[in-house]
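Student: Hey, dropping final.cif in here, mmCIF, C-alpha atoms:
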```cif
data_entry
loop_
_atom_site.label_atom_id
_atom_site.label_comp_id
_atom_site.auth_asym_id
_atom_site.auth_seq_id
_atom_site.Cartn_x
_atom_site.Cartn_y
_atom_site.Cartn_z
CA MET D 1 97.06 109.19 70.99
CA ALA D 2 94.68 106.44 69.91
CA GLU D 3 95.19 102.83 70.95
CA PRO D 4 96.69 100.79 68.13
CA LYS D 5 94.05 98.92 66.11
CA THR D 6 96.00 95.86 65.08
CA LYS D 7 96.89 93.04 67.44
CA ARG D 8 100.52 93.45 66.46
CA GLY D 9 100.41 97.15 67.29
CA GLN D 10 98.83 96.47 70.66
CA ILE D 11 101.50 93.95 71.52
CA ARG D 12 104.30 96.30 70.52
CA ARG D 13 102.79 99.15 72.53
CA ALA D 14 102.42 96.90 75.58
CA LYS D 15 106.05 95.78 75.21
CA ILE D 16 107.25 99.39 75.20
CA LEU D 17 105.10 100.15 78.25
CA ALA D 18 106.48 97.13 80.12
CA ALA D 19 110.04 98.18 79.25
CA ALA D 20 109.29 101.74 80.42
CA GLU D 21 108.01 100.33 83.73
CA THR D 22 111.32 98.55 84.26
CA VAL D 23 113.61 101.36 83.14
CA MET D 24 111.71 104.23 84.81
CA GLY D 25 111.02 102.20 87.93
CA ASP D 26 114.70 101.30 88.31
CA GLN D 27 116.34 104.55 87.30
CA GLY D 28 113.69 107.17 87.92
CA PHE D 29 112.06 109.43 85.37
CA SER D 30 114.95 111.82 84.68
CA ALA D 31 117.62 109.19 84.16
CA ALA D 32 115.41 106.92 82.03
CA SER D 33 116.02 107.37 78.30
CA ILE D 34 113.71 106.49 75.45
CA ALA D 35 116.67 104.81 73.76
CA GLU D 36 117.06 102.42 76.68
CA ILE D 37 113.33 101.76 76.84
CA THR D 38 113.14 100.81 73.16
CA ARG D 39 116.33 98.77 73.44
CA LEU D 40 114.79 96.74 76.27
CA ALA D 41 111.55 96.43 74.29
CA ASP D 42 113.58 95.15 71.34
CA THR D 43 112.15 97.87 69.13
CA ALA D 44 113.57 100.62 66.93
CA LEU D 45 113.83 104.01 68.65
CA GLY D 46 111.46 105.61 66.14
CA THR D 47 108.75 103.05 66.91
CA PHE D 48 108.35 104.66 70.34
CA TYR D 49 106.83 107.70 68.65
CA VAL D 50 104.28 105.63 66.80
CA TYR D 51 102.65 104.87 70.14
CA PHE D 52 103.69 107.69 72.47
CA THR D 53 104.37 111.38 72.04
CA SER D 54 106.97 111.78 74.80
CA LYS D 55 108.64 110.35 77.87
CA GLU D 56 106.13 112.34 79.95
CA GLN D 57 103.24 110.63 78.22
CA VAL D 58 104.55 107.11 78.73
CA PHE D 59 105.15 107.96 82.39
CA ARG D 60 101.59 109.17 82.79
CA GLU D 61 100.32 106.01 81.10
CA LEU D 62 102.17 103.96 83.71
CA VAL D 63 100.57 105.94 86.54
CA LEU D 64 97.16 105.37 84.96
CA GLU D 65 97.96 101.70 84.55
CA MET D 66 98.93 101.44 88.21
CA GLY D 67 95.57 102.99 89.08
CA ARG D 68 93.67 100.54 86.90
CA ILE D 69 95.57 97.51 88.11
CA THR D 70 95.40 98.43 91.78
CA ARG D 71 91.65 99.02 91.59
CA ALA D 72 91.18 95.77 89.66
CA ILE D 73 93.34 93.68 91.98
CA VAL D 74 91.91 95.09 95.18
CA GLY D 75 88.37 94.96 93.74
CA GLU D 76 88.84 91.32 92.77
CA ALA D 77 90.35 90.45 96.15
CA ILE D 78 87.49 91.97 98.12
CA SER D 79 84.66 90.80 95.84
CA ASP D 80 84.17 87.55 97.74
CA ALA D 81 84.61 89.05 101.21
CA PRO D 82 81.57 88.40 103.41
CA ASP D 83 81.83 91.80 105.12
CA ARG D 84 83.86 94.99 105.15
CA LEU D 85 86.40 93.95 107.78
CA SER D 86 87.25 90.83 105.78
CA ALA D 87 87.40 93.04 102.69
CA GLU D 88 89.93 95.35 104.38
CA ARG D 89 92.12 92.41 105.16
CA ALA D 90 91.90 90.92 101.68
CA GLY D 91 92.49 94.31 100.07
CA LEU D 92 95.58 95.03 102.14
CA GLU D 93 97.03 91.62 101.39
CA ALA D 94 96.34 91.94 97.66
CA PHE D 95 97.94 95.38 97.60
CA LEU D 96 101.11 94.23 99.37
CA ARG D 97 101.43 91.20 97.09
CA PHE D 98 101.09 93.49 94.10
CA VAL D 99 103.85 95.78 95.44
CA ALA D 100 106.08 92.71 95.82
CA GLU D 101 105.37 91.65 92.23
CA ARG D 102 105.62 95.06 90.57
CA PRO D 103 107.80 97.26 92.81
CA GLN D 104 108.67 99.52 89.89
CA LEU D 105 105.07 100.49 89.35
CA TYR D 106 104.74 101.44 93.03
CA ARG D 107 107.84 103.59 92.76
CA ILE D 108 106.58 105.26 89.59
CA VAL D 109 103.37 106.37 91.32
CA GLU D 110 105.40 107.85 94.16
CA GLU D 111 107.66 109.66 91.71
CA ALA D 112 104.55 111.10 90.01
CA ARG D 113 104.25 113.43 93.02
CA PHE D 114 107.15 115.33 91.45
CA VAL D 115 107.08 114.41 87.76
CA ASP D 116 103.33 114.72 87.18
CA PRO D 117 101.56 116.10 90.28
CA GLU D 118 98.17 116.08 88.55
CA ALA D 119 98.42 112.37 87.73
CA TYR D 120 99.57 111.69 91.29
CA ARG D 121 96.66 113.52 92.83
CA ASP D 122 94.18 111.96 90.42
CA TYR D 123 95.45 108.53 91.34
CA PHE D 124 94.83 109.00 95.06
CA TRP D 125 91.72 111.07 94.54
CA HIS D 126 89.95 108.38 92.53
CA PHE D 127 91.10 105.63 94.81
CA GLY D 128 90.06 107.70 97.83
CA GLN D 129 86.61 108.40 96.41
CA ALA D 130 85.88 104.74 95.76
CA TYR D 131 87.30 103.75 99.15
CA THR D 132 85.18 106.37 100.92
CA LEU D 133 82.07 105.15 99.20
CA GLY D 134 82.80 101.55 100.20
CA LEU D 135 83.29 102.52 103.84
CA ARG D 136 80.16 104.66 103.88
CA GLU D 137 78.05 101.79 102.55
CA ALA D 138 79.60 99.38 105.06
CA GLN D 139 78.77 101.80 107.85
CA LYS D 140 75.14 101.91 106.72
CA ARG D 141 75.04 98.12 106.78
CA GLY D 142 76.44 98.18 110.31
CA GLU D 143 79.59 96.30 109.29
CA ILE D 144 81.91 98.96 110.69
CA SER D 145 81.59 101.54 113.45
CA ALA D 146 80.57 105.15 112.78
CA GLY D 147 83.19 107.69 111.70
CA ASP D 148 84.13 109.98 108.83
CA PRO D 149 84.56 107.57 105.89
CA GLU D 150 86.92 109.82 103.94
CA VAL D 151 89.37 110.37 106.80
CA ARG D 152 89.31 106.62 107.35
CA ALA D 153 89.83 105.89 103.66
CA TYR D 154 92.98 108.05 103.55
CA ALA D 155 94.21 106.65 106.86
CA LEU D 156 93.82 103.12 105.48
CA MET D 157 95.54 104.01 102.22
CA GLY D 158 98.37 105.49 104.29
CA ILE D 159 98.71 102.25 106.24
CA SER D 160 98.95 100.24 103.01
CA LYS D 161 101.57 102.54 101.54
CA ALA D 162 103.73 102.64 104.66
CA LEU D 163 103.60 98.87 105.10
CA GLY D 164 104.42 98.46 101.41
CA ASP D 165 107.55 100.57 101.93
CA ARG D 166 108.71 98.99 105.14
CA TYR D 167 107.77 95.34 104.73
CA VAL D 168 107.88 94.79 100.98
CA LEU D 169 110.34 97.22 99.37
CA TRP D 170 112.81 97.15 102.26
CA GLU D 171 112.74 93.40 102.79
CA GLU D 172 114.49 90.69 100.82
CA THR D 173 111.85 88.09 101.77
CA PRO D 174 108.69 89.89 102.85
CA ASP D 175 106.47 88.06 105.34
CA ILE D 176 103.26 89.58 104.04
CA GLU D 177 100.95 87.22 105.91
CA ARG D 178 102.31 88.20 109.31
CA VAL D 179 102.23 91.92 108.54
CA VAL D 180 98.64 91.73 107.28
CA GLU D 181 97.61 89.76 110.37
CA GLU D 182 99.13 92.33 112.71
CA ALA D 183 97.92 95.37 110.79
CA HIS D 184 94.43 93.93 110.52
CA LYS D 185 94.13 93.53 114.28
CA MET D 186 94.94 97.20 114.67
CA ILE D 187 92.60 98.24 111.85
CA CYS D 188 89.72 96.32 113.45
CA HIS D 189 90.27 97.07 117.12
CA GLY D 190 92.66 100.00 117.37
CA LEU D 191 95.23 100.56 120.09
CA ALA D 192 92.90 101.01 123.04
CA PRO D 193 93.51 98.38 125.74
CA MET Q 1 131.94 119.94 106.35
CA ALA Q 2 132.30 121.46 109.81
CA GLU Q 3 129.68 123.76 111.25
CA PRO Q 4 130.77 127.41 111.05
CA LYS Q 5 132.39 128.64 114.26
CA THR Q 6 131.40 132.31 114.20
CA LYS Q 7 127.88 133.52 114.94
CA ARG Q 8 127.89 135.34 111.62
CA GLY Q 9 128.86 132.17 109.79
CA GLN Q 10 126.12 130.20 111.51
CA ILE Q 11 123.53 132.79 110.55
CA ARG Q 12 124.66 132.81 106.93
CA ARG Q 13 124.61 129.02 106.74
CA ALA Q 14 121.10 128.94 108.23
CA LYS Q 15 119.96 131.56 105.71
CA ILE Q 16 121.24 129.46 102.81
CA LEU Q 17 119.56 126.38 104.25
CA ALA Q 18 116.25 128.22 104.64
CA ALA Q 19 116.49 129.48 101.06
CA ALA Q 20 117.26 125.97 99.85
CA GLU Q 21 114.17 124.69 101.67
CA THR Q 22 112.02 127.19 99.78
CA VAL Q 23 113.61 126.74 96.35
CA MET Q 24 113.97 122.94 96.49
CA GLY Q 25 110.58 122.50 98.14
CA ASP Q 26 108.87 124.60 95.46
CA GLN Q 27 110.73 123.46 92.36
CA GLY Q 28 112.07 120.06 93.27
CA PHE Q 29 115.70 119.01 93.48
CA SER Q 30 116.56 118.92 89.76
CA ALA Q 31 115.11 122.30 88.85
CA ALA Q 32 116.52 124.07 91.91
CA SER Q 33 119.74 125.96 91.18
CA ILE Q 34 122.42 127.05 93.61
CA ALA Q 35 122.31 130.48 91.93
CA GLU Q 36 118.66 130.87 92.87
CA ILE Q 37 119.23 129.62 96.39
CA THR Q 38 122.00 132.12 97.05
CA ARG Q 39 120.00 134.91 95.41
CA LEU Q 40 117.11 134.22 97.77
CA ALA Q 41 119.52 134.01 100.69
CA ASP Q 42 120.94 137.39 99.64
CA THR Q 43 124.41 135.91 99.44
CA ALA Q 44 127.11 135.69 96.80
CA LEU Q 45 127.10 132.46 94.79
CA GLY Q 46 130.60 131.54 95.98
CA THR Q 47 129.53 131.78 99.61
CA PHE Q 48 127.44 128.66 99.13
CA TYR Q 49 130.63 126.61 98.83
CA VAL Q 50 132.00 127.97 102.08
CA TYR Q 51 129.24 126.05 103.88
CA PHE Q 52 128.21 123.26 101.51
CA THR Q 53 130.03 121.10 99.01
CA SER Q 54 127.14 120.53 96.58
CA LYS Q 55 123.42 120.72 95.92
CA GLU Q 56 123.23 117.08 97.01
CA GLN Q 57 124.73 117.93 100.37
CA VAL Q 58 122.38 120.82 101.09
CA PHE Q 59 119.47 118.55 100.14
CA ARG Q 60 120.64 115.88 102.56
CA GLU Q 61 121.01 118.51 105.27
CA LEU Q 62 117.38 119.44 104.76
CA VAL Q 63 116.27 115.83 105.09
CA LEU Q 64 118.29 115.53 108.31
CA GLU Q 65 116.80 118.79 109.53
CA MET Q 66 113.29 117.50 108.83
CA GLY Q 67 114.14 114.45 110.91
CA ARG Q 68 115.45 116.52 113.81
CA ILE Q 69 112.54 118.96 113.77
CA THR Q 70 109.85 116.29 113.43
CA ARG Q 71 111.29 114.29 116.31
CA ALA Q 72 111.63 117.46 118.41
CA ILE Q 73 108.13 118.74 117.66
CA VAL Q 74 106.41 115.41 118.15
CA GLY Q 75 108.53 114.69 121.24
CA GLU Q 76 107.62 118.06 122.74
CA ALA Q 77 103.93 117.59 121.90
CA ILE Q 78 103.71 114.18 123.56
CA SER Q 79 105.90 114.97 126.59
CA ASP Q 80 102.94 116.14 128.68
CA ALA Q 81 100.54 113.42 127.52
CA PRO Q 82 99.19 111.40 130.47
CA ASP Q 83 99.19 108.15 128.48
CA ARG Q 84 100.04 106.69 125.08
CA LEU Q 85 96.66 107.20 123.44
CA SER Q 86 96.74 110.90 124.35
CA ALA Q 87 100.30 110.97 123.08
CA GLU Q 88 99.21 109.53 119.73
CA ARG Q 89 96.63 112.25 119.37
CA ALA Q 90 99.00 115.05 120.36
CA GLY Q 91 101.73 113.69 118.08
CA LEU Q 92 99.45 113.46 115.06
CA GLU Q 93 98.17 116.98 115.59
CA ALA Q 94 101.68 118.39 116.02
CA PHE Q 95 102.84 116.62 112.87
CA LEU Q 96 99.96 117.95 110.75
CA ARG Q 97 100.47 121.49 112.05
CA PHE Q 98 104.14 121.22 111.15
CA VAL Q 99 103.26 120.07 107.61
CA ALA Q 100 100.97 123.10 107.30
CA GLU Q 101 103.75 125.44 108.44
CA ARG Q 102 106.63 123.92 106.46
CA PRO Q 103 105.10 122.14 103.46
CA GLN Q 104 108.37 122.39 101.55
CA LEU Q 105 110.24 120.36 104.11
CA TYR Q 106 107.61 117.61 103.87
CA ARG Q 107 107.97 117.54 100.12
CA ILE Q 108 111.75 117.42 100.33
CA VAL Q 109 111.63 114.28 102.48
CA GLU Q 110 109.32 112.62 99.97
CA GLU Q 111 111.60 113.59 97.10
CA ALA Q 112 114.52 112.04 99.01
CA ARG Q 113 113.07 108.65 98.06
CA PHE Q 114 114.47 109.36 94.58
CA VAL Q 115 117.23 111.91 95.12
CA ASP Q 116 118.87 110.33 98.17
CA PRO Q 117 117.34 106.93 98.97
CA GLU Q 118 119.71 106.34 101.87
CA ALA Q 119 118.69 109.57 103.58
CA TYR Q 120 115.03 108.72 102.96
CA ARG Q 121 115.33 105.32 104.49
CA ASP Q 122 117.36 106.62 107.43
CA TYR Q 123 114.69 109.19 108.12
CA PHE Q 124 111.91 106.63 108.42
CA TRP Q 125 114.11 104.02 109.99
CA HIS Q 126 115.12 106.24 112.90
CA PHE Q 127 111.64 107.56 113.34
CA GLY Q 128 110.26 104.04 113.15
CA GLN Q 129 112.73 102.73 115.75
CA ALA Q 130 111.84 105.40 118.28
CA TYR Q 131 108.14 104.99 117.57
CA THR Q 132 108.36 101.21 118.01
CA LEU Q 133 110.14 101.63 121.34
CA GLY Q 134 107.46 104.06 122.56
CA LEU Q 135 104.68 101.64 121.64
CA ARG Q 136 106.46 98.67 123.21
CA GLU Q 137 106.86 100.53 126.49
CA ALA Q 138 103.22 101.65 126.42
CA GLN Q 139 102.15 98.06 125.86
CA LYS Q 140 104.16 96.97 128.91
CA ARG Q 141 102.43 99.65 130.97
CA GLY Q 142 99.07 98.37 129.72
CA GLU Q 143 98.23 101.68 128.03
CA ILE Q 144 97.60 100.03 124.67
CA SER Q 145 96.49 96.59 123.59
CA ALA Q 146 98.93 93.84 122.58
CA GLY Q 147 100.26 93.76 119.02
CA ASP Q 148 103.51 93.99 117.03
CA PRO Q 149 104.83 97.44 117.92
CA GLU Q 150 106.85 97.89 114.73
CA VAL Q 151 103.99 97.09 112.36
CA ARG Q 152 101.87 99.50 114.36
CA ALA Q 153 104.55 102.20 114.30
CA TYR Q 154 104.76 102.07 110.49
CA ALA Q 155 100.97 101.92 110.16
CA LEU Q 156 100.68 105.03 112.35
CA MET Q 157 103.39 106.86 110.41
CA GLY Q 158 101.52 105.96 107.22
CA ILE Q 159 98.32 107.45 108.63
CA SER Q 160 100.12 110.70 109.48
CA LYS Q 161 101.69 110.97 106.04
CA ALA Q 162 98.47 110.23 104.14
CA LEU Q 163 96.46 112.68 106.22
CA GLY Q 164 99.18 115.29 105.73
CA ASP Q 165 98.86 114.86 101.96
CA ARG Q 166 95.08 114.87 101.78
CA TYR Q 167 94.07 117.31 104.50
CA VAL Q 168 96.99 119.69 104.69
CA LEU Q 169 98.79 119.88 101.34
CA TRP Q 170 95.62 119.52 99.25
CA GLU Q 171 93.50 121.94 101.29
CA GLU Q 172 93.50 125.74 101.18
CA THR Q 173 92.27 125.96 104.78
CA PRO Q 174 92.99 122.68 106.55
CA ASP Q 175 90.68 121.72 109.41
CA ILE Q 176 93.33 119.86 111.35
CA GLU Q 177 91.30 119.58 114.56
CA ARG Q 178 88.47 117.69 112.88
CA VAL Q 179 90.81 115.35 111.01
CA VAL Q 180 92.77 114.54 114.17
CA GLU Q 181 89.52 113.91 116.07
CA GLU Q 182 88.26 111.49 113.43
CA ALA Q 183 91.58 109.74 112.88
CA HIS Q 184 92.12 109.38 116.61
CA LYS Q 185 88.82 107.59 117.07
CA MET Q 186 89.89 105.07 114.46
CA ILE Q 187 93.40 104.73 115.92
CA CYS Q 188 91.95 104.01 119.37
CA HIS Q 189 89.00 101.81 118.51
CA GLY Q 190 89.45 100.61 114.93
CA LEU Q 191 86.69 99.92 112.46
CA ALA Q 192 84.99 97.00 114.19
CA PRO Q 193 81.36 97.78 115.02
#
```
Would you mind giving the structure from this file in structure tokens?
Tutor:
Amino acid sequence: MAEPKTKRGQIRRAKILAAAETVMGDQGFSAASIAEITRLADTALGTFYVYFTSKEQVFRELVLEMGRITRAIVGEAISDAPDRLSAERAGLEAFLRFVAERPQLYRIVEEARFVDPEAYRDYFWHFGQAYTLGLREAQKRGEISAGDPEVRAYALMGISKALGDRYVLWEETPDIERVVEEAHKMICHGLAP
Amino acid sequence: MAEPKTKRGQIRRAKILAAAETVMGDQGFSAASIAEITRLADTALGTFYVYFTSKEQVFRELVLEMGRITRAIVGEAISDAPDRLSAERAGLEAFLRFVAERPQLYRIVEEARFVDPEAYRDYFWHFGQAYTLGLREAQKRGEISAGDPEVRAYALMGISKALGDRYVLWEETPDIERVVEEAHKMICHGLAP
């Protein structure tokens, strides 16, 4: 479905998408109804179908949006980093702050594993490819030690996800700075004494 | 619901549970039907209710089972390890081999995030507690460097999960040995050059 051409159309579409993020993120894909999404977006039910073909499509759009935003936020956060280790730290912090701000979007990506496995895999695949490339380049520049960049990329993504679960979603008042500090020490130096 | 007292009852209950693992792991919780589970278990539909009260309960049993088995398998794998770093390696390898053998059980735990959030959280919470304790003790013995043991426990669980996704579930013929080797280097020494 094409993007709406008028400003008004774009705003209405974005409103529906934002409402879908809230409703699907809170209730899960199955329980979320288009009626509730349009009600929250302050729009007539039929308007939904001007912009989206189905609940599945709006869900997939949200997964794609999460991919775009995460890449943009992490990319922005690491753009000023003087080296790769600083970039890892900045990227992890930016990711955790984003999870705190938009927990529903995080949950939607995780639910994609079941609702839309292709979108789920694409999300991590693209992120993993870019991450791998970044680590490979850093290795060439001597900013990090030698090691398979793809295994490391997935390991690092796993760390971010698990810390997002434990220290952001499960906490009333996440102490992101402390968690990043501790995790970063381990990411840089490992567990060896 | 009490465990069945007769050997025959225990076998039948285990058969239903195994069938539920296959059906729910393949199709997801919503699509899985009790009729299909009992068909696969070669049991009458009504027999299901002799052992379980609902689809929700059998799902929760599977999450609990995943917890028990993972703890047992990882515990067994690390019991002979001479020190904590060797234990980390053995534990990661045992976990990935288990994911390769029982991919459905892995998927069921992930789906618990949506189907039974309490069971999901309990699973990681208990695992995280035991992991944290193990790392704290190892730190006291000087086998690993200093650092917050809980943050590290969750980071390490995140690594295992992400590598299980990428290198076991997404691969036709997983090369677990290589992945463990590479991940272990990073876990021991980090990325610092």
Student: Calculated over only C-alpha atoms, which of the candidates D:Ala138, D:Ala153, D:Ala100, D:Ala20 has the smallest distance to D:Leu85?
Tutor: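 For D:Leu85, the nearest of the candidates is D:Ala138.
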Student: Which residue out of D:Glu21, D:Glu177, D:Asp116, D:Glu110 has the minimum interatomic distance to chain Q when only C-alpha atoms are used?
Tutor: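 Of all the options, D:Glu110 lies closest to chain Q.
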Student: For atom CA of D:Phe114 and atom CA of Q:Ile108, quote the distance in Å rounded to one decimal.
Tutor: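 Interatomic distance here is 10.2 Å.
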Student: Give the residues of chain D that lie within 6 Å of chain Q; count all atoms listed in the file, and format the answer as a list of chain:residue names.
Tutor: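 Every residue of chain D that passes the 6 Å test is in D:Ile144, D:Ser145, D:Tyr154, D:Ala155, D:Gly158, D:Ile159, D:Ala162, D:Ile187, D:Cys188, D:His189, D:Gly190, D:Leu191, D:Ala192, D:Pro193.
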Student: Would you work out the distance separating atom CA of D:Ala119 from atom CA of D:Phe59, expressed in Å to one decimal?
Tutor: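 So the answer is 9.7 Å.
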Student: Report, in Å to a single decimal, how far apart atom CA of Q:Gly25 and atom CA of Q:Tyr49 are.
Tutor: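 That distance, rounded to one decimal, is 20.5 Å.
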Student: Within 10 Å of D:Glu3, counting all atoms listed in the file, which residues show up once you throw out same-chain ones fewer than 6 positions away? Write them as a compact mmCIF listing (two decimals) with C-alpha atoms, in the frame of the given file, please.
Tutor:
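Final file, result17.txt:
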```txt
# COMPACT_ATOMS: atom_id res chain seq x y z
CA GLY D 9 100.41 97.15 67.29
CA GLN D 10 98.83 96.47 70.66
CA ARG D 13 102.79 99.15 72.53
CA TYR D 51 102.65 104.87 70.14
CA PHE D 52 103.69 107.69 72.47
```
Student: Could you spell out the hits of the PyMOL selection byres ((chain Q and resi 41) around 9) on the shown file, as a PyMOL selection string?
Tutor: chain Q and resi 12+15-20+36-40+42-44
Student: For stretch 39-51 of chain D, which lacks atoms in the input, supply N, CA and C atoms and format the output as a tab-separated table (two decimals), keeping the file's coordinate frame.
Tutor:
```tsv
chain	number	residue	atom	x	y	z
D	39	ARG	N	115.35	99.86	73.50
D	39	ARG	CA	116.33	98.77	73.44
D	39	ARG	C	115.81	97.57	74.23
D	40	LEU	N	115.32	97.82	75.43
D	40	LEU	CA	114.79	96.74	76.27
D	40	LEU	C	113.54	96.11	75.64
D	41	ALA	N	112.78	96.95	74.93
D	41	ALA	CA	111.55	96.43	74.29
D	41	ALA	C	111.86	95.78	72.95
D	42	ASP	N	113.15	95.79	72.58
D	42	ASP	CA	113.58	95.15	71.34
D	42	ASP	C	112.89	95.80	70.13
D	43	THR	N	112.88	97.10	70.13
D	43	THR	CA	112.15	97.87	69.13
D	43	THR	C	113.03	99.01	68.64
D	44	ALA	N	112.82	99.47	67.42
D	44	ALA	CA	113.57	100.62	66.93
D	44	ALA	C	113.14	101.87	67.70
D	45	LEU	N	114.10	102.79	67.89
D	45	LEU	CA	113.83	104.01	68.65
D	45	LEU	C	112.60	104.76	68.10
D	46	GLY	N	112.55	104.85	66.76
D	46	GLY	CA	111.46	105.61	66.14
D	46	GLY	C	110.07	105.02	66.41
D	47	THR	N	110.03	103.72	66.65
D	47	THR	CA	108.75	103.05	66.91
D	47	THR	C	108.07	103.62	68.16
D	48	PHE	N	108.90	104.06	69.11
D	48	PHE	CA	108.35	104.66	70.34
D	48	PHE	C	107.31	105.72	69.99
D	49	TYR	N	107.68	106.56	68.98
D	49	TYR	CA	106.83	107.70	68.65
D	49	TYR	C	105.59	107.35	67.83
D	50	VAL	N	105.52	106.09	67.43
D	50	VAL	CA	104.28	105.63	66.80
D	50	VAL	C	103.19	105.51	67.87
D	51	TYR	N	103.62	105.16	69.07
D	51	TYR	CA	102.65	104.87	70.14
D	51	TYR	C	102.57	105.94	71.22
```
